[in-house]
Structure formats: C-alpha cells, structure tokens
$ cat model_18.cif   # mmCIF, C-alpha atoms and all ligand atoms
data_target
#
loop_
_atom_site.label_atom_id
_atom_site.label_comp_id
_atom_site.auth_asym_id
_atom_site.auth_seq_id
_atom_site.Cartn_x
_atom_site.Cartn_y
_atom_site.Cartn_z
CA MET A 236 5.67 145.05 177.92
CA ALA A 237 5.18 141.37 177.18
CA TYR A 238 2.56 141.04 174.49
CA ARG A 239 1.10 137.78 173.33
CA ALA A 240 -1.30 138.02 170.42
CA ARG A 241 -4.55 136.24 171.06
CA VAL A 242 -4.94 133.04 169.10
CA ALA A 243 -8.14 133.02 167.09
CA ASP A 244 -10.14 130.35 165.28
CA ILE A 245 -10.48 131.71 161.78
CA LEU A 246 -12.85 130.49 159.09
CA ILE A 247 -11.57 131.17 155.57
CA ILE A 248 -14.27 131.12 152.88
CA GLU A 249 -12.32 131.26 149.61
CA ASP A 250 -12.65 129.29 146.37
CA ASP A 251 -9.09 129.82 145.12
CA ALA A 252 -7.02 126.90 146.46
CA THR A 253 -3.72 128.78 146.10
CA ILE A 254 -4.94 131.75 148.14
CA ARG A 255 -6.55 129.42 150.69
CA THR A 256 -3.29 127.55 151.22
CA ALA A 257 -1.31 130.79 151.51
CA LEU A 258 -3.76 132.16 154.11
CA VAL A 259 -3.71 128.95 156.15
CA ARG A 260 0.08 129.03 156.16
CA SER A 261 0.51 132.71 157.05
CA LEU A 262 -2.21 132.74 159.74
CA GLY A 263 -0.87 129.47 161.17
CA ALA A 264 2.57 131.07 161.40
CA ARG A 265 0.94 133.73 163.59
CA ASN A 266 -0.52 131.05 165.86
CA HIS A 267 -4.08 131.33 164.66
CA SER A 268 -5.99 128.13 163.96
CA THR A 269 -7.82 127.98 160.66
CA MET A 270 -10.61 126.09 158.93
CA THR A 271 -11.48 126.53 155.29
CA ALA A 272 -14.50 126.32 153.01
CA PRO A 273 -14.34 126.54 149.21
CA THR A 274 -17.97 127.60 148.68
CA ALA A 275 -20.49 129.91 150.31
CA LEU A 276 -22.75 127.10 151.48
CA ALA A 277 -19.85 125.06 152.91
CA GLY A 278 -18.76 128.26 154.66
CA LEU A 279 -22.17 128.80 156.21
CA GLU A 280 -22.28 125.18 157.42
CA SER A 281 -18.81 125.49 158.92
CA LEU A 282 -19.74 128.77 160.62
CA VAL A 283 -22.75 127.21 162.32
CA ALA A 284 -20.89 124.02 163.26
CA HIS A 285 -17.60 125.53 164.50
CA ARG A 286 -18.47 129.08 165.65
CA PRO A 287 -15.16 130.70 164.63
CA ASP A 288 -13.87 133.94 166.18
CA VAL A 289 -13.38 135.64 162.82
CA VAL A 290 -14.49 134.96 159.23
CA LEU A 291 -12.40 135.88 156.19
CA LEU A 292 -14.83 136.12 153.30
CA ASP A 293 -13.98 136.19 149.60
CA LEU A 294 -16.61 138.10 147.63
CA GLY A 295 -16.29 136.12 144.41
CA LEU A 296 -17.51 132.63 145.26
CA PRO A 297 -18.76 130.00 142.78
CA ASP A 298 -22.18 129.25 144.28
CA LEU A 299 -23.30 132.52 145.80
CA ASP A 300 -22.11 136.12 145.81
CA GLY A 301 -20.10 136.87 148.95
CA GLY A 302 -22.36 139.84 149.68
CA ALA A 303 -25.42 137.59 149.74
CA LEU A 304 -23.57 135.16 152.00
CA LEU A 305 -22.68 138.03 154.31
CA SER A 306 -26.39 138.82 154.75
CA MET A 307 -27.04 135.16 155.57
CA ILE A 308 -24.17 135.14 158.08
CA ARG A 309 -25.55 138.29 159.72
CA SER A 310 -28.96 136.68 160.15
CA VAL A 311 -27.43 133.91 162.30
CA SER A 312 -24.27 135.38 163.84
CA ASP A 313 -22.50 138.61 164.82
CA VAL A 314 -19.06 137.05 164.28
CA PRO A 315 -16.53 139.62 162.97
CA VAL A 316 -16.28 139.33 159.17
CA ILE A 317 -13.35 140.66 157.16
CA VAL A 318 -14.12 140.73 153.46
CA VAL A 319 -11.15 139.80 151.29
CA SER A 320 -11.63 140.57 147.66
CA ALA A 321 -10.03 141.34 144.34
CA ARG A 322 -12.72 143.90 143.61
CA ASP A 323 -11.46 147.32 144.44
CA GLU A 324 -14.37 149.55 143.41
CA GLY A 325 -15.47 151.95 146.13
CA ALA A 326 -19.17 151.15 145.70
CA GLY A 327 -18.53 147.44 146.41
CA ILE A 328 -16.62 148.29 149.58
CA VAL A 329 -19.40 150.53 150.87
CA ALA A 330 -22.01 147.87 150.05
CA VAL A 331 -20.31 145.10 152.03
CA LEU A 332 -19.62 147.40 154.97
CA ASP A 333 -23.29 148.37 154.94
CA ALA A 334 -24.23 144.69 154.76
CA GLY A 335 -22.40 144.11 158.02
CA ALA A 336 -18.72 143.48 157.21
CA ASP A 337 -16.36 144.64 159.95
CA ASP A 338 -13.44 145.36 157.66
CA TYR A 339 -12.27 145.01 154.08
CA LEU A 340 -9.01 144.05 152.40
CA VAL A 341 -8.23 144.17 148.71
CA LYS A 342 -6.02 141.44 147.25
CA PRO A 343 -3.10 141.30 147.11
CA PHE A 344 -2.34 142.29 150.70
CA ALA A 345 0.54 141.70 153.11
CA ALA A 346 0.11 139.01 155.77
CA ASP A 347 1.02 141.56 158.47
CA GLN A 348 -1.79 143.80 157.33
CA LEU A 349 -4.32 140.97 157.56
CA ASP A 350 -3.06 139.97 161.00
CA ALA A 351 -3.40 143.57 162.23
CA ARG A 352 -7.00 143.73 160.94
CA ILE A 353 -7.82 140.42 162.62
CA ARG A 354 -6.46 141.61 165.96
CA ALA A 355 -8.39 144.87 165.62
CA VAL A 356 -11.77 143.18 165.01
CA LEU A 357 -11.09 140.75 167.87
CA ARG A 358 -10.41 143.62 170.26
CA ARG A 359 -13.64 145.32 169.17
CA SER A 360 -15.74 142.16 169.54
CA GLU A 361 -14.26 141.40 172.97
CA ARG A 362 -15.06 144.88 174.17
CA GLY A 363 -18.64 144.55 172.97
CA ALA A 364 -19.17 141.15 174.53
CA THR A 365 -21.12 141.19 177.76
CA PRO A 366 -21.60 137.75 179.31
CA GLY A 367 -24.77 138.40 181.28
CA PRO A 368 -26.87 141.10 182.90
CA VAL A 369 -25.11 143.61 185.14
CA VAL A 370 -26.67 143.49 188.61
CA VAL A 371 -26.09 146.12 191.30
CA GLY A 372 -28.50 145.91 194.24
CA GLY A 373 -32.02 146.14 192.80
CA LEU A 374 -30.73 147.34 189.45
CA VAL A 375 -30.52 144.83 186.59
CA ILE A 376 -29.11 145.95 183.23
CA ASP A 377 -29.11 143.76 180.13
CA ALA A 378 -26.57 145.24 177.71
CA ARG A 379 -27.67 143.07 174.78
CA ALA A 380 -31.39 143.72 175.10
CA ARG A 381 -30.65 147.31 176.23
CA THR A 382 -33.07 147.11 179.11
CA ALA A 383 -32.68 148.39 182.65
CA VAL A 384 -34.94 147.32 185.51
CA LEU A 385 -34.94 148.91 188.97
CA ASP A 386 -36.65 147.07 191.83
CA GLY A 387 -38.66 145.09 189.28
CA VAL A 388 -39.81 148.14 187.27
CA ALA A 389 -38.45 148.78 183.76
CA LEU A 390 -36.74 152.17 183.37
CA ASP A 391 -37.65 154.23 180.31
CA LEU A 392 -34.24 155.58 179.33
CA SER A 393 -32.91 157.48 176.32
CA PRO A 394 -30.02 155.72 174.50
CA LYS A 395 -27.39 157.94 176.15
CA GLU A 396 -28.96 157.63 179.61
CA PHE A 397 -28.80 153.88 179.13
CA ASP A 398 -25.16 153.96 177.99
CA LEU A 399 -24.24 156.15 180.97
CA LEU A 400 -26.02 153.91 183.48
CA LEU A 401 -24.43 150.78 182.00
CA TYR A 402 -20.95 152.31 182.03
CA LEU A 403 -21.28 153.27 185.71
CA ALA A 404 -22.89 149.97 186.71
CA GLN A 405 -20.10 147.94 185.13
CA ARG A 406 -17.75 149.40 187.74
CA PRO A 407 -19.85 149.66 190.92
CA GLY A 408 -18.30 151.47 193.86
CA GLU A 409 -15.69 153.16 191.68
CA VAL A 410 -15.57 156.93 191.33
CA ILE A 411 -15.55 157.76 187.63
CA ALA A 412 -14.49 161.18 186.38
CA LYS A 413 -16.86 163.20 184.20
CA ARG A 414 -13.98 163.61 181.78
CA GLU A 415 -13.88 159.84 181.33
CA LEU A 416 -17.65 159.59 180.93
CA LEU A 417 -17.64 162.27 178.26
CA SER A 418 -14.89 160.58 176.29
CA GLU A 419 -16.09 156.97 176.75
CA VAL A 420 -19.88 157.37 176.63
CA TRP A 421 -20.13 160.35 174.28
CA ASN A 422 -16.82 159.99 172.40
CA GLN A 423 -16.23 163.69 173.02
CA PRO A 424 -13.16 165.54 174.21
CA TYR A 425 -13.62 167.06 177.66
CA GLY A 426 -14.39 170.75 177.94
CA GLY A 427 -14.41 172.13 181.48
CA ALA A 428 -17.76 173.92 181.09
CA ASP A 429 -19.48 170.97 179.44
CA LYS A 430 -22.79 170.13 181.15
CA THR A 431 -23.62 167.06 179.04
CA VAL A 432 -22.83 164.57 181.79
CA ASP A 433 -24.61 166.62 184.48
CA VAL A 434 -27.74 166.98 182.38
CA HIS A 435 -27.93 163.25 181.68
CA LEU A 436 -27.22 162.40 185.32
CA HIS A 437 -30.03 164.71 186.35
CA TRP A 438 -32.54 162.88 184.14
CA LEU A 439 -31.20 159.49 185.11
CA ARG A 440 -31.67 160.35 188.79
CA ARG A 441 -35.24 161.52 188.21
CA LYS A 442 -36.10 158.32 186.35
CA MET A 443 -34.54 156.26 189.13
CA GLY A 444 -36.53 158.16 191.76
CA GLU A 445 -33.63 159.84 193.49
CA THR A 446 -31.94 163.25 193.62
CA ALA A 447 -28.35 164.48 193.89
CA ASP A 448 -29.02 165.49 197.50
CA ALA A 449 -30.80 162.26 198.42
CA PRO A 450 -28.96 159.64 196.36
CA ARG A 451 -29.69 155.92 196.35
CA TYR A 452 -27.48 154.61 193.53
CA LEU A 453 -25.86 157.63 191.88
CA HIS A 454 -23.46 159.34 194.23
CA ARG A 455 -21.78 162.62 193.39
CA VAL A 456 -18.19 162.87 194.53
CA ARG A 457 -17.55 166.57 194.47
CA GLY A 458 -14.66 167.69 192.31
CA VAL A 459 -13.98 164.12 191.17
CA GLY A 460 -16.95 162.56 189.45
CA VAL A 461 -19.74 160.10 190.11
CA LYS A 462 -20.06 156.65 191.57
CA LEU A 463 -22.79 154.05 191.25
CA ALA A 464 -23.25 151.90 194.34
CA PRO A 465 -26.14 149.90 195.79
CA PRO A 466 -28.17 151.52 198.60
CA THR A 467 -26.81 150.60 202.02
CA CA A 501 -12.83 133.97 144.52
#

$ encode --input "model_18.cif" --output "structure tokens"
Amino acid sequence: MAYRARVADILIIEDDATIRTALVRSLGARNHSTMTAPTALAGLESLVAHRPDVVLLDLGLPDLDGGALLSMIRSVSDVPVIVVSARDEGAGIVAVLDAGADDYLVKPFAADQLDARIRAVLRRSERGATPGPVVVGGLVIDARARTAVLDGVALDLSPKEFDLLLYLAQRPGEVIAKRELLSEVWNQPYGGADKTVDVHLHWLRRKMGETADAPRYLHRVRGVGVKLAPPT
C-alpha cells in the first residue's frame, strides 16, 4: 500500500540551539516544516501567529517553566503538544499529561521515535476534528458543543446517547452493525448477548419521540444493525 506521511507544520519551543538545529534537520528530512522559538513567550507568540499542527515543547525554558506555558497554550488552543524533556521523573510526566500534553518524550530520543509520536497525535487530532454541525433532516448535531437539536427543540441526552447519535448521524443512510457501535462508541469488545446498544437506542428513540415500530430517524435493520436516515 502506498503510504505518504502527512506533512505537518511543527513549532519547536526549545532554548538549546544545538537540539533545536538537530530537530529542524531531522523533521525537515521527514518532510515536515518547522518553526522555532527559543523562549516560552516567543513560542506562545508564534503559536498564535502561525497556528502549527503540532507543538514540541521543552520543559526547561529560560523565561517560564514549560508546564506553565502548557497551561497558557491550553487556554488558547487545542493543538497537539508533545513535551520533550530531559527530566525523567514519573511525577513530572504525569503532571504535564494532566496539564494537557498529548505525549511525552525524554531526551535523548531517536528521530524515528519522535516522528512516530508526531504522526500518532496528528491522526488523533484529525479524527477528533469536526468541521461543522452534522445535519440530517431536522436533526442538527454540534460535536464540539455536544448539543443535539431535533426540529428546533434541544434533546436532553446522556453522554453515551449523544455519542451514539453522533456516530450514526455522521454516516446517514448506512446500516451500522451493533458490534461496530459497541467497539467504536463504548470501546468494548462485542458479546452476542450484550444489550448495551439496544438499551441506549431505546432511550434515544423515546427522547426523539419515536419507537422501534414507528421509526422516524432510527431504523432497525433486523439481524444487521441500525441506520439513521431522515424521515421520508
Ligand atoms: Ca531546555
């Protein structure tokens, strides 16, 4: 299979000029484009001005602790951040992951390892990106705001009911197997007797004012799964 790695714009916030140069060279060799900042504040400015796809963040910066910068980044952006640091204590790793880092690498590391981490966070951020509301008939779902409106009335859904509705609505007209719903919406392996999907579908139907026998949007396809389609 032909595979072409996605080219990313990467912001490197690192005060050590030798490491900065090495990162620019190795990421450039993998077709990424890079910009660099030697201080936390220059990094924040560059982030706002250039909106990179990924940030590599050194924890030990001259003007501000990298952890504090990470909190500032998180208040303005959900860009994937990979913390790159010489500190290898477990507590520090947990703290930056809690503060919103997407991944963590301890120096020294191999260029291949960094590239693999970059591709992994890009895949995750692309999957999470939803350009606009999902609209099917009179149903409007905003994935970012986590709101669902049916015929102008907001639906009061539990988190899993919302996830299920969004998953189905992103592929209108397509029959989706319960096995897939269980693994993709609940992250659970499929067990034949599992009623999780049925129970949530039941509540979703009630909240949407329909039943399995008189469907409007949620259509049961016996022995296969369920399909969301606009009323005809
Ligand atoms: Ca440093």

$ residues_near_ligand --input "model_18.cif" --ligand "ligand CA 501 (chain A)" --cutoff "8 Å" --atoms "all atoms listed in the file" --output "count of residues only"
10

$ residues_around --input "model_18.cif" --residues "Asp386 of chain A" --least-positions-apart "5" --cutoff "9 Å" --atoms "only C-alpha atoms" --output "compact mmCIF listing (two decimals) with C-alpha atoms, in the frame of the given file"
# COMPACT_ATOMS: atom_id res chain seq x y z
CA GLY A 372 -28.50 145.91 194.24
CA GLY A 373 -32.02 146.14 192.80
CA LEU A 374 -30.73 147.34 189.45
CA VAL A 375 -30.52 144.83 186.59

$ atom_distance --input "model_18.cif" --atom1 "atom CA of Ser261 of chain A" --atom2 "atom CA of Pro287 of chain A"
17.5 Å

$ residues_near_point --input "model_18.cif" --point "(-10.3, 143.6, 162.3)" --cutoff "12 Å" --atoms "only C-alpha atoms" --output "PyMOL selection string"
chain A and resi 243+245+288-291+314-319+336-340+348-361

$ residues_around --input "model_18.cif" --residues "Gln405 of chain A" --least-positions-apart "3" --cutoff "12 Å" --atoms "only C-alpha atoms" --output "PDB file with C-alpha atoms, in the coordinates of the input"
ATOM      1  CA  THR A 365     -21.120 141.190 177.760  1.00  0.00           C
ATOM      2  CA  PRO A 366     -21.600 137.750 179.310  1.00  0.00           C
ATOM      3  CA  GLY A 367     -24.770 138.400 181.280  1.00  0.00           C
ATOM      4  CA  PRO A 368     -26.870 141.100 182.900  1.00  0.00           C
ATOM      5  CA  VAL A 369     -25.110 143.610 185.140  1.00  0.00           C
ATOM      6  CA  VAL A 370     -26.670 143.490 188.610  1.00  0.00           C
ATOM      7  CA  VAL A 371     -26.090 146.120 191.300  1.00  0.00           C
ATOM      8  CA  LEU A 374     -30.730 147.340 189.450  1.00  0.00           C
ATOM      9  CA  VAL A 375     -30.520 144.830 186.590  1.00  0.00           C
ATOM     10  CA  ILE A 376     -29.110 145.950 183.230  1.00  0.00           C
ATOM     11  CA  ASP A 377     -29.110 143.760 180.130  1.00  0.00           C
ATOM     12  CA  ALA A 378     -26.570 145.240 177.710  1.00  0.00           C
ATOM     13  CA  ASP A 398     -25.160 153.960 177.990  1.00  0.00           C
ATOM     14  CA  LEU A 399     -24.240 156.150 180.970  1.00  0.00           C
ATOM     15  CA  LEU A 400     -26.020 153.910 183.480  1.00  0.00           C
ATOM     16  CA  LEU A 401     -24.430 150.780 182.000  1.00  0.00           C
ATOM     17  CA  TYR A 402     -20.950 152.310 182.030  1.00  0.00           C
ATOM     18  CA  GLY A 408     -18.300 151.470 193.860  1.00  0.00           C
ATOM     19  CA  GLU A 409     -15.690 153.160 191.680  1.00  0.00           C
ATOM     20  CA  VAL A 410     -15.570 156.930 191.330  1.00  0.00           C
ATOM     21  CA  ILE A 411     -15.550 157.760 187.630  1.00  0.00           C
ATOM     22  CA  LYS A 462     -20.060 156.650 191.570  1.00  0.00           C
ATOM     23  CA  LEU A 463     -22.790 154.050 191.250  1.00  0.00           C
ATOM     24  CA  ALA A 464     -23.250 151.900 194.340  1.00  0.00           C
TER      25      ALA A 464
END

$ atom_distance --input "model_18.cif" --atom1 "atom CA of Gly387 of chain A" --atom2 "atom CA of Ala449 of chain A"
21.0 Å

$ residues_around --input "model_18.cif" --residues "segment 278-282 of chain A" --least-positions-apart "6" --cutoff "7 Å" --atoms "all atoms listed in the file" --output "list of chain:residue names"
A:Ile248, A:Ala272, A:Ile308

$ closest_residue --input "model_18.cif" --among "A:Ala447, A:Leu403, A:Leu439, A:Gln423" --to "Pro465 of chain A" --atoms "only C-alpha atoms"
A:Leu403

$ closest_residue --input "model_18.cif" --among "A:Arg406, A:Glu396, A:Thr446, A:Leu305" --to "Val432 of chain A" --atoms "all atoms listed in the file"
A:Glu396

$ atom_distance --input "model_18.cif" --atom1 "atom CA of Leu304 of chain A" --atom2 "atom CA of Ala275 of chain A"
6.3 Å

$ axis_aligned_box --input "model_18.cif" --around "segment 368-371 of chain A" --padding-each-side "8 Å" --output "AutoDock Vina command-line options"
--center_x -26.0 --center_y 143.6 --center_z 187.1 --size_x 17.8 --size_y 21.0 --size_z 24.4

$ closest_residue --input "model_18.cif" --among "A:Asp448, A:Asp313, A:Asp298, A:Glu415" --to "Thr274 of chain A" --atoms "all atoms listed in the file"
A:Asp298

$ closest_residue --input "model_18.cif" --among "A:Thr256, A:Ala277, A:Phe344, A:Lys395" --to "Glu419 of chain A" --atoms "all atoms listed in the file"
A:Lys395

$ residues_around --input "model_18.cif" --residues "Met270 of chain A" --least-positions-apart "5" --cutoff "8 Å" --atoms "all atoms listed in the file" --output "list in words"
Asp244, Ile245, Leu246, Ile247 and Val259 of chain A

$ closest_residue --input "model_18.cif" --among "A:Arg309, A:Arg265, A:Arg441, A:Arg414" --to "Val461 of chain A" --atoms "only C-alpha atoms"
A:Arg414

$ residues_near_point --input "model_18.cif" --point "(-0.3, 131.0, 166.0)" --cutoff "9 Å" --atoms "all atoms listed in the file" --output "ChimeraX atom specification"
/A:240-243,262-268

$ closest_residue --input "model_18.cif" --among "A:Tyr452, A:Ala389, A:Leu436, A:Gly444" --to "Ala404 of chain A" --atoms "all atoms listed in the file"
A:Tyr452

$ build_atoms --input "model_18.cif" --residues "segment 300-312 of chain A" --atoms "N, CA and C atoms" --output "compact mmCIF listing (two decimals), keeping the file's coordinate frame"
# COMPACT_ATOMS: atom_id res chain seq x y z
N ASP A 300 -22.91 134.91 145.64
CA ASP A 300 -22.11 136.12 145.81
C ASP A 300 -21.78 136.29 147.30
N GLY A 301 -20.53 136.71 147.57
CA GLY A 301 -20.10 136.87 148.95
C GLY A 301 -20.97 137.85 149.73
N GLY A 302 -21.49 138.86 149.03
CA GLY A 302 -22.36 139.84 149.68
C GLY A 302 -23.65 139.20 150.17
N ALA A 303 -24.20 138.29 149.34
CA ALA A 303 -25.42 137.59 149.74
C ALA A 303 -25.13 136.66 150.92
N LEU A 304 -23.96 136.02 150.88
CA LEU A 304 -23.57 135.16 152.00
C LEU A 304 -23.42 135.97 153.28
N LEU A 305 -22.85 137.17 153.14
CA LEU A 305 -22.68 138.03 154.31
C LEU A 305 -24.03 138.31 154.97
N SER A 306 -25.05 138.59 154.18
CA SER A 306 -26.39 138.82 154.75
C SER A 306 -26.89 137.58 155.48
N MET A 307 -26.61 136.41 154.91
CA MET A 307 -27.04 135.16 155.57
C MET A 307 -26.28 134.96 156.88
N ILE A 308 -24.97 135.26 156.85
CA ILE A 308 -24.17 135.14 158.08
C ILE A 308 -24.74 136.07 159.15
N ARG A 309 -25.06 137.30 158.75
CA ARG A 309 -25.55 138.29 159.72
C ARG A 309 -26.89 137.90 160.33
N SER A 310 -27.66 137.08 159.60
CA SER A 310 -28.96 136.68 160.15
C SER A 310 -28.80 135.60 161.23
N VAL A 311 -27.62 134.95 161.28
CA VAL A 311 -27.43 133.91 162.30
C VAL A 311 -26.31 134.21 163.29
N SER A 312 -25.46 135.22 163.01
CA SER A 312 -24.27 135.38 163.84
C SER A 312 -23.75 136.82 163.78
